[in-house]
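Engineer: Okay, here's the structure, questions in a sec.
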Amino acid sequence: MVSFLRLGLLCISLLAVPAASPAGEFHRTNLDAPAPGSGSVRLADLARVLAPDLRKDGDAWRAFRLEETLAADLGLDSEWPEGLSLTQAILAEPDHGTRLAVLFDLGAASGDPATPALLALYRTGDTPELLGVLDVGLDRETGLDADALQPLGDGADLITVRNGHFNSEQSYSLSTLLLATADGLEVIDDIATFSETFCGLRRTQEPRITVERATGVDPAPIRVEFLLRDEVVEGSCEEETPALPERKIGVTYRWDAAAARYEPDSQALEDLAAENEKSF
């Protein structure tokens, strides 16, 4: 749908899944910590699959190159003379206990807008296996959504990555829906939202992404809804912007077995993105 300029972020951010819809466990930890379900393997060992020369440097970890095949597949440089840096890792453990997802942001040292934020998916065990990796950093701030990990059934999981930035009166957000399976990671869709503030008025688009497990279908449908609302705020304005009626926009993604991918049931989100572009 809509792509945003990729800018670096200095830390890794992954928020916990709400207790009402548990999908696994989330941890923010340093790279010295053991990788869950993988014996004596540390998170630093998992990171070295991506950056082979990663070494501890004070309170952080530094590397100067990415694994060449990985870099080529992701369209990234393999050599980083200014250095890549990690301070800690965030990992997500699905309930089925066979895989581990870790988000590594490698841009803490250089400040280079092109430095990657890598989401890596591993099969756990005494010898962990990298199943897939994507560069998910698409804007200044990269993290995972509040409902970042939700089970889809049949051994599959939904992972939602959130990117965004703001400029004085406007804020931009991009939610990337990812399908995580034993075969790796796959992008389902990128969903853009936009909020802005006028004198005396704040106009917001609040996303909610849920998995409809009650349908009994595996993998389950994914429901994406946005609440568009105007909130009056205090301000001394010569000319006030009138508030618009509250409205909702929703799309359901269903698994298309013939195409082997999720497909949306309408173009409502594309229409919203086109509407938002008029205000950029």
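Just remember, in the structure tokens the first chain shown is A, the second B, etc., residues are 1-based per chain, and ligands are 1-based in the order shown.
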Would you tabulate, counting only C-alpha atoms, all residues of region 65-108 of chain A that have an atom at most 6 Å from an atom of region 26-44 of chain A, showing the closest pair of atoms and their distance in Å to one decimal, sorted by chain then ascending number, as JSON lines?
Structural biologist:
{"residue": "A:Gln88", "atom": "CA", "partner": "A:Asn30", "partner_atom": "CA", "distance": 4.3}
{"residue": "A:Ala89", "atom": "CA", "partner": "A:Thr29", "partner_atom": "CA", "distance": 5.5}
{"residue": "A:Ile90", "atom": "CA", "partner": "A:Arg28", "partner_atom": "CA", "distance": 4.4}
{"residue": "A:Leu91", "atom": "CA", "partner": "A:His27", "partner_atom": "CA", "distance": 5.4}
{"residue": "A:Ala92", "atom": "CA", "partner": "A:Phe26", "partner_atom": "CA", "distance": 4.7}
Engineer: Find the residues around Thr210 (chain A) up to 8 Å (only C-alpha atoms counted), leave out those fewer than 6 positions away in its own chain, and share them as number ranges by chain.
Structural biologist: A: 147, 150, 222-224
Engineer: Next, the residues of the selection above should be written as a compact mmCIF listing (two decimals), in the first residue's frame with N, CA, C and O atoms.
Structural biologist:
# COMPACT_ATOMS: atom_id res chain seq x y z
N ASP A 147 -0.67 -5.64 20.09
CA ASP A 147 -1.12 -7.01 19.84
C ASP A 147 -0.15 -7.67 18.86
O ASP A 147 -0.57 -8.27 17.86
N GLN A 150 -0.17 -12.81 17.62
CA GLN A 150 -1.47 -13.45 17.82
C GLN A 150 -1.51 -14.76 17.03
O GLN A 150 -1.12 -14.79 15.86
N ILE A 222 -8.16 -12.32 9.71
CA ILE A 222 -7.55 -11.19 10.43
C ILE A 222 -8.42 -9.96 10.18
O ILE A 222 -8.65 -9.58 9.03
N ARG A 223 -8.90 -9.35 11.25
CA ARG A 223 -9.76 -8.18 11.13
C ARG A 223 -8.96 -6.92 11.46
O ARG A 223 -8.31 -6.83 12.50
N VAL A 224 -8.99 -5.95 10.55
CA VAL A 224 -8.32 -4.68 10.74
C VAL A 224 -9.38 -3.58 10.74
O VAL A 224 -10.12 -3.43 9.76
Engineer: Could you give me the residues within region 68-273 of chain A that DSSP places in strand (DSSP E), as a VMD selection string?
Structural biologist: chain A and resid 79 to 86 89 to 94 99 to 105 117 to 123 129 to 135 141 to 153 156 to 167 170 to 181 184 to 198 201 to 211 222 to 232 247 to 256 261 to 264
Engineer: Which residues of region 198-257 of chain A come within 12 Å of region 265-279 of chain A, and what is each one's closest atom pair and distance in Å (one decimal), counting only C-alpha atoms, sorted by chain and residue number, as JSON lines?
Structural biologist:
{"residue": "A:Arg203", "atom": "CA", "partner": "A:Asn276", "partner_atom": "CA", "distance": 11.6}
{"residue": "A:Thr204", "atom": "CA", "partner": "A:Asn276", "partner_atom": "CA", "distance": 11.3}
{"residue": "A:Gln205", "atom": "CA", "partner": "A:Leu272", "partner_atom": "CA", "distance": 10.1}
{"residue": "A:Pro207", "atom": "CA", "partner": "A:Leu269", "partner_atom": "CA", "distance": 11.2}
{"residue": "A:Pro221", "atom": "CA", "partner": "A:Asp265", "partner_atom": "CA", "distance": 10.5}
{"residue": "A:Ile222", "atom": "CA", "partner": "A:Asp265", "partner_atom": "CA", "distance": 10.6}
{"residue": "A:Arg223", "atom": "CA", "partner": "A:Asp265", "partner_atom": "CA", "distance": 10.1}
{"residue": "A:Val224", "atom": "CA", "partner": "A:Leu269", "partner_atom": "CA", "distance": 9.1}
{"residue": "A:Glu225", "atom": "CA", "partner": "A:Leu269", "partner_atom": "CA", "distance": 9.3}
{"residue": "A:Phe226", "atom": "CA", "partner": "A:Leu269", "partner_atom": "CA", "distance": 9.1}
{"residue": "A:Leu227", "atom": "CA", "partner": "A:Leu272", "partner_atom": "CA", "distance": 11.6}
{"residue": "A:Leu228", "atom": "CA", "partner": "A:Leu272", "partner_atom": "CA", "distance": 10.3}
{"residue": "A:Arg247", "atom": "CA", "partner": "A:Leu272", "partner_atom": "CA", "distance": 11.9}
{"residue": "A:Lys248", "atom": "CA", "partner": "A:Ala268", "partner_atom": "CA", "distance": 10.5}
{"residue": "A:Ile249", "atom": "CA", "partner": "A:Ala268", "partner_atom": "CA", "distance": 6.8}
{"residue": "A:Gly250", "atom": "CA", "partner": "A:Ala268", "partner_atom": "CA", "distance": 7.0}
{"residue": "A:Val251", "atom": "CA", "partner": "A:Asp265", "partner_atom": "CA", "distance": 6.2}
{"residue": "A:Thr252", "atom": "CA", "partner": "A:Asp265", "partner_atom": "CA", "distance": 5.7}
{"residue": "A:Tyr253", "atom": "CA", "partner": "A:Asp265", "partner_atom": "CA", "distance": 6.3}
{"residue": "A:Arg254", "atom": "CA", "partner": "A:Asp265", "partner_atom": "CA", "distance": 7.5}
{"residue": "A:Trp255", "atom": "CA", "partner": "A:Asp265", "partner_atom": "CA", "distance": 10.6}
{"residue": "A:Asp256", "atom": "CA", "partner": "A:Asp265", "partner_atom": "CA", "distance": 10.9}
Engineer: Could you tell me how far CA of Gln170 (chain A) sits from CA of Thr241 (chain A), in Å to one decimal place?
Structural biologist: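 Computed distance, CA of Thr241 (chain A) to CA of Gln170 (chain A), equals 15.2 Å.
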Engineer: Rounded to one decimal, what separation in Å do you get between CA of Ser171 (chain A) and CA of Phe104 (chain A)?
Structural biologist: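 Taking CA of Ser171 (chain A) as the start and CA of Phe104 (chain A) as the end point, the length is 24.3 Å.
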Engineer: Leaving out Leu86 (chain A) and any residue of its chain fewer than 6 positions from it, which residues lie within 12 Å of it when counting only C-alpha atoms, given as number ranges by chain?
Structural biologist: A: 9-12, 29-32, 43-44, 47-48, 51, 54-64, 103-110, 115-118
Engineer: Print the selection's residues with N, CA, C and O atoms to a file, as a short mmCIF file (atom, residue, chain, number, x, y, z; two decimals), in the first residue's frame.
Structural biologist:
data_model
loop_
_atom_site.label_atom_id
_atom_site.label_comp_id
_atom_site.auth_asym_id
_atom_site.auth_seq_id
_atom_site.Cartn_x
_atom_site.Cartn_y
_atom_site.Cartn_z
N LEU A 9 16.34 3.90 14.23
CA LEU A 9 15.86 3.96 15.60
C LEU A 9 16.94 3.41 16.51
O LEU A 9 17.59 2.44 16.16
N LEU A 10 17.11 4.00 17.67
CA LEU A 10 18.23 3.64 18.51
C LEU A 10 17.96 2.46 19.42
O LEU A 10 18.87 1.96 20.07
N CYS A 11 16.73 2.03 19.52
CA CYS A 11 16.44 0.92 20.42
C CYS A 11 15.44 -0.01 19.79
O CYS A 11 14.89 0.25 18.74
N ILE A 12 15.22 -1.14 20.44
CA ILE A 12 14.25 -2.13 19.99
C ILE A 12 13.01 -1.97 20.85
O ILE A 12 13.10 -1.82 22.05
N THR A 29 15.51 -8.09 26.85
CA THR A 29 16.67 -8.59 27.57
C THR A 29 17.96 -8.27 26.83
O THR A 29 17.94 -7.81 25.69
N ASN A 30 19.10 -8.50 27.49
CA ASN A 30 20.37 -8.27 26.83
C ASN A 30 20.80 -9.50 26.06
O ASN A 30 20.25 -10.59 26.21
N LEU A 31 21.80 -9.33 25.23
CA LEU A 31 22.20 -10.40 24.33
C LEU A 31 22.99 -11.52 25.01
O LEU A 31 23.23 -12.56 24.42
N ASP A 32 23.37 -11.30 26.28
CA ASP A 32 24.04 -12.36 27.04
C ASP A 32 23.05 -13.42 27.51
O ASP A 32 23.46 -14.52 27.91
N LEU A 43 21.31 -15.31 23.01
CA LEU A 43 20.73 -14.42 22.00
C LEU A 43 21.81 -13.82 21.12
O LEU A 43 21.59 -13.58 19.93
N ALA A 44 23.00 -13.58 21.69
CA ALA A 44 24.11 -13.08 20.88
C ALA A 44 24.47 -14.07 19.78
O ALA A 44 24.82 -13.67 18.66
N ALA A 47 22.02 -13.58 17.05
CA ALA A 47 22.30 -12.34 16.32
C ALA A 47 23.48 -12.52 15.37
O ALA A 47 23.53 -11.90 14.30
N ARG A 48 24.44 -13.37 15.74
CA ARG A 48 25.62 -13.57 14.88
C ARG A 48 25.28 -14.32 13.61
O ARG A 48 26.07 -14.30 12.65
N ALA A 51 24.75 -11.06 11.82
CA ALA A 51 25.95 -10.21 11.81
C ALA A 51 27.09 -11.02 12.40
O ALA A 51 27.30 -10.99 13.62
N LEU A 54 29.67 -9.80 15.25
CA LEU A 54 29.11 -9.11 16.41
C LEU A 54 29.94 -9.41 17.66
O LEU A 54 30.19 -10.58 17.99
N ARG A 55 30.36 -8.35 18.36
CA ARG A 55 31.15 -8.49 19.57
C ARG A 55 30.67 -7.49 20.61
O ARG A 55 30.17 -6.42 20.27
N LYS A 56 30.86 -7.84 21.88
CA LYS A 56 30.45 -6.94 22.94
C LYS A 56 31.40 -5.75 23.01
O LYS A 56 32.62 -5.89 22.90
N ASP A 57 30.82 -4.55 23.21
CA ASP A 57 31.59 -3.31 23.27
C ASP A 57 31.00 -2.46 24.38
O ASP A 57 30.09 -1.66 24.16
N GLY A 58 31.51 -2.63 25.61
CA GLY A 58 30.94 -1.92 26.74
C GLY A 58 29.55 -2.44 27.06
O GLY A 58 29.35 -3.65 27.23
N ASP A 59 28.59 -1.53 27.10
CA ASP A 59 27.21 -1.93 27.39
C ASP A 59 26.45 -2.34 26.12
O ASP A 59 25.29 -2.75 26.21
N ALA A 60 27.07 -2.19 24.98
CA ALA A 60 26.41 -2.50 23.71
C ALA A 60 27.15 -3.62 22.99
O ALA A 60 28.16 -4.15 23.47
N TRP A 61 26.64 -3.99 21.84
CA TRP A 61 27.26 -4.97 20.95
C TRP A 61 27.44 -4.32 19.60
O TRP A 61 26.55 -3.61 19.13
N ARG A 62 28.59 -4.54 18.95
CA ARG A 62 28.87 -3.89 17.68
C ARG A 62 29.25 -4.91 16.61
O ARG A 62 29.85 -5.96 16.90
N ALA A 63 28.88 -4.58 15.38
CA ALA A 63 29.27 -5.38 14.22
C ALA A 63 29.55 -4.43 13.07
O ALA A 63 29.11 -3.27 13.07
N PHE A 64 30.28 -4.95 12.06
CA PHE A 64 30.62 -4.12 10.90
C PHE A 64 30.23 -4.77 9.58
O PHE A 64 30.52 -4.23 8.52
N LEU A 103 13.38 -9.28 17.42
CA LEU A 103 13.57 -8.04 16.66
C LEU A 103 14.89 -7.40 17.09
O LEU A 103 15.09 -7.06 18.26
N PHE A 104 15.82 -7.28 16.14
CA PHE A 104 17.12 -6.65 16.37
C PHE A 104 17.16 -5.34 15.58
O PHE A 104 17.09 -5.36 14.36
N ASP A 105 17.32 -4.21 16.29
CA ASP A 105 17.53 -2.93 15.59
C ASP A 105 19.02 -2.64 15.62
O ASP A 105 19.62 -2.49 16.68
N LEU A 106 19.64 -2.54 14.46
CA LEU A 106 21.10 -2.44 14.36
C LEU A 106 21.59 -1.01 14.11
O LEU A 106 22.74 -0.82 13.73
N GLY A 107 20.74 -0.01 14.34
CA GLY A 107 21.12 1.35 13.98
C GLY A 107 21.55 2.24 15.11
O GLY A 107 21.64 3.46 14.93
N ALA A 108 21.83 1.71 16.30
CA ALA A 108 22.09 2.57 17.45
C ALA A 108 23.39 3.35 17.33
O ALA A 108 23.52 4.42 17.92
N ALA A 109 24.39 2.83 16.60
CA ALA A 109 25.70 3.49 16.59
C ALA A 109 25.83 4.54 15.49
O ALA A 109 26.25 5.67 15.75
N SER A 110 25.46 4.20 14.27
CA SER A 110 25.81 5.06 13.14
C SER A 110 24.84 6.20 12.88
O SER A 110 25.22 7.23 12.35
N THR A 115 20.35 1.90 8.12
CA THR A 115 20.66 0.76 8.99
C THR A 115 19.41 -0.07 9.25
O THR A 115 18.33 0.47 9.48
N PRO A 116 19.53 -1.38 9.21
CA PRO A 116 18.35 -2.23 9.27
C PRO A 116 17.83 -2.49 10.67
O PRO A 116 18.57 -2.44 11.66
N ALA A 117 16.53 -2.76 10.76
CA ALA A 117 15.90 -3.33 11.95
C ALA A 117 15.40 -4.70 11.50
O ALA A 117 14.46 -4.78 10.70
N LEU A 118 16.04 -5.75 11.97
CA LEU A 118 15.79 -7.09 11.45
C LEU A 118 14.89 -7.89 12.38
O LEU A 118 15.18 -8.04 13.56
#
Engineer: Would you work out the distance separating CA of Leu158 (chain A) from CA of Ala214 (chain A), expressed in Å to one decimal?
Structural biologist: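 Here the two named atoms are 15.8 Å from each other.
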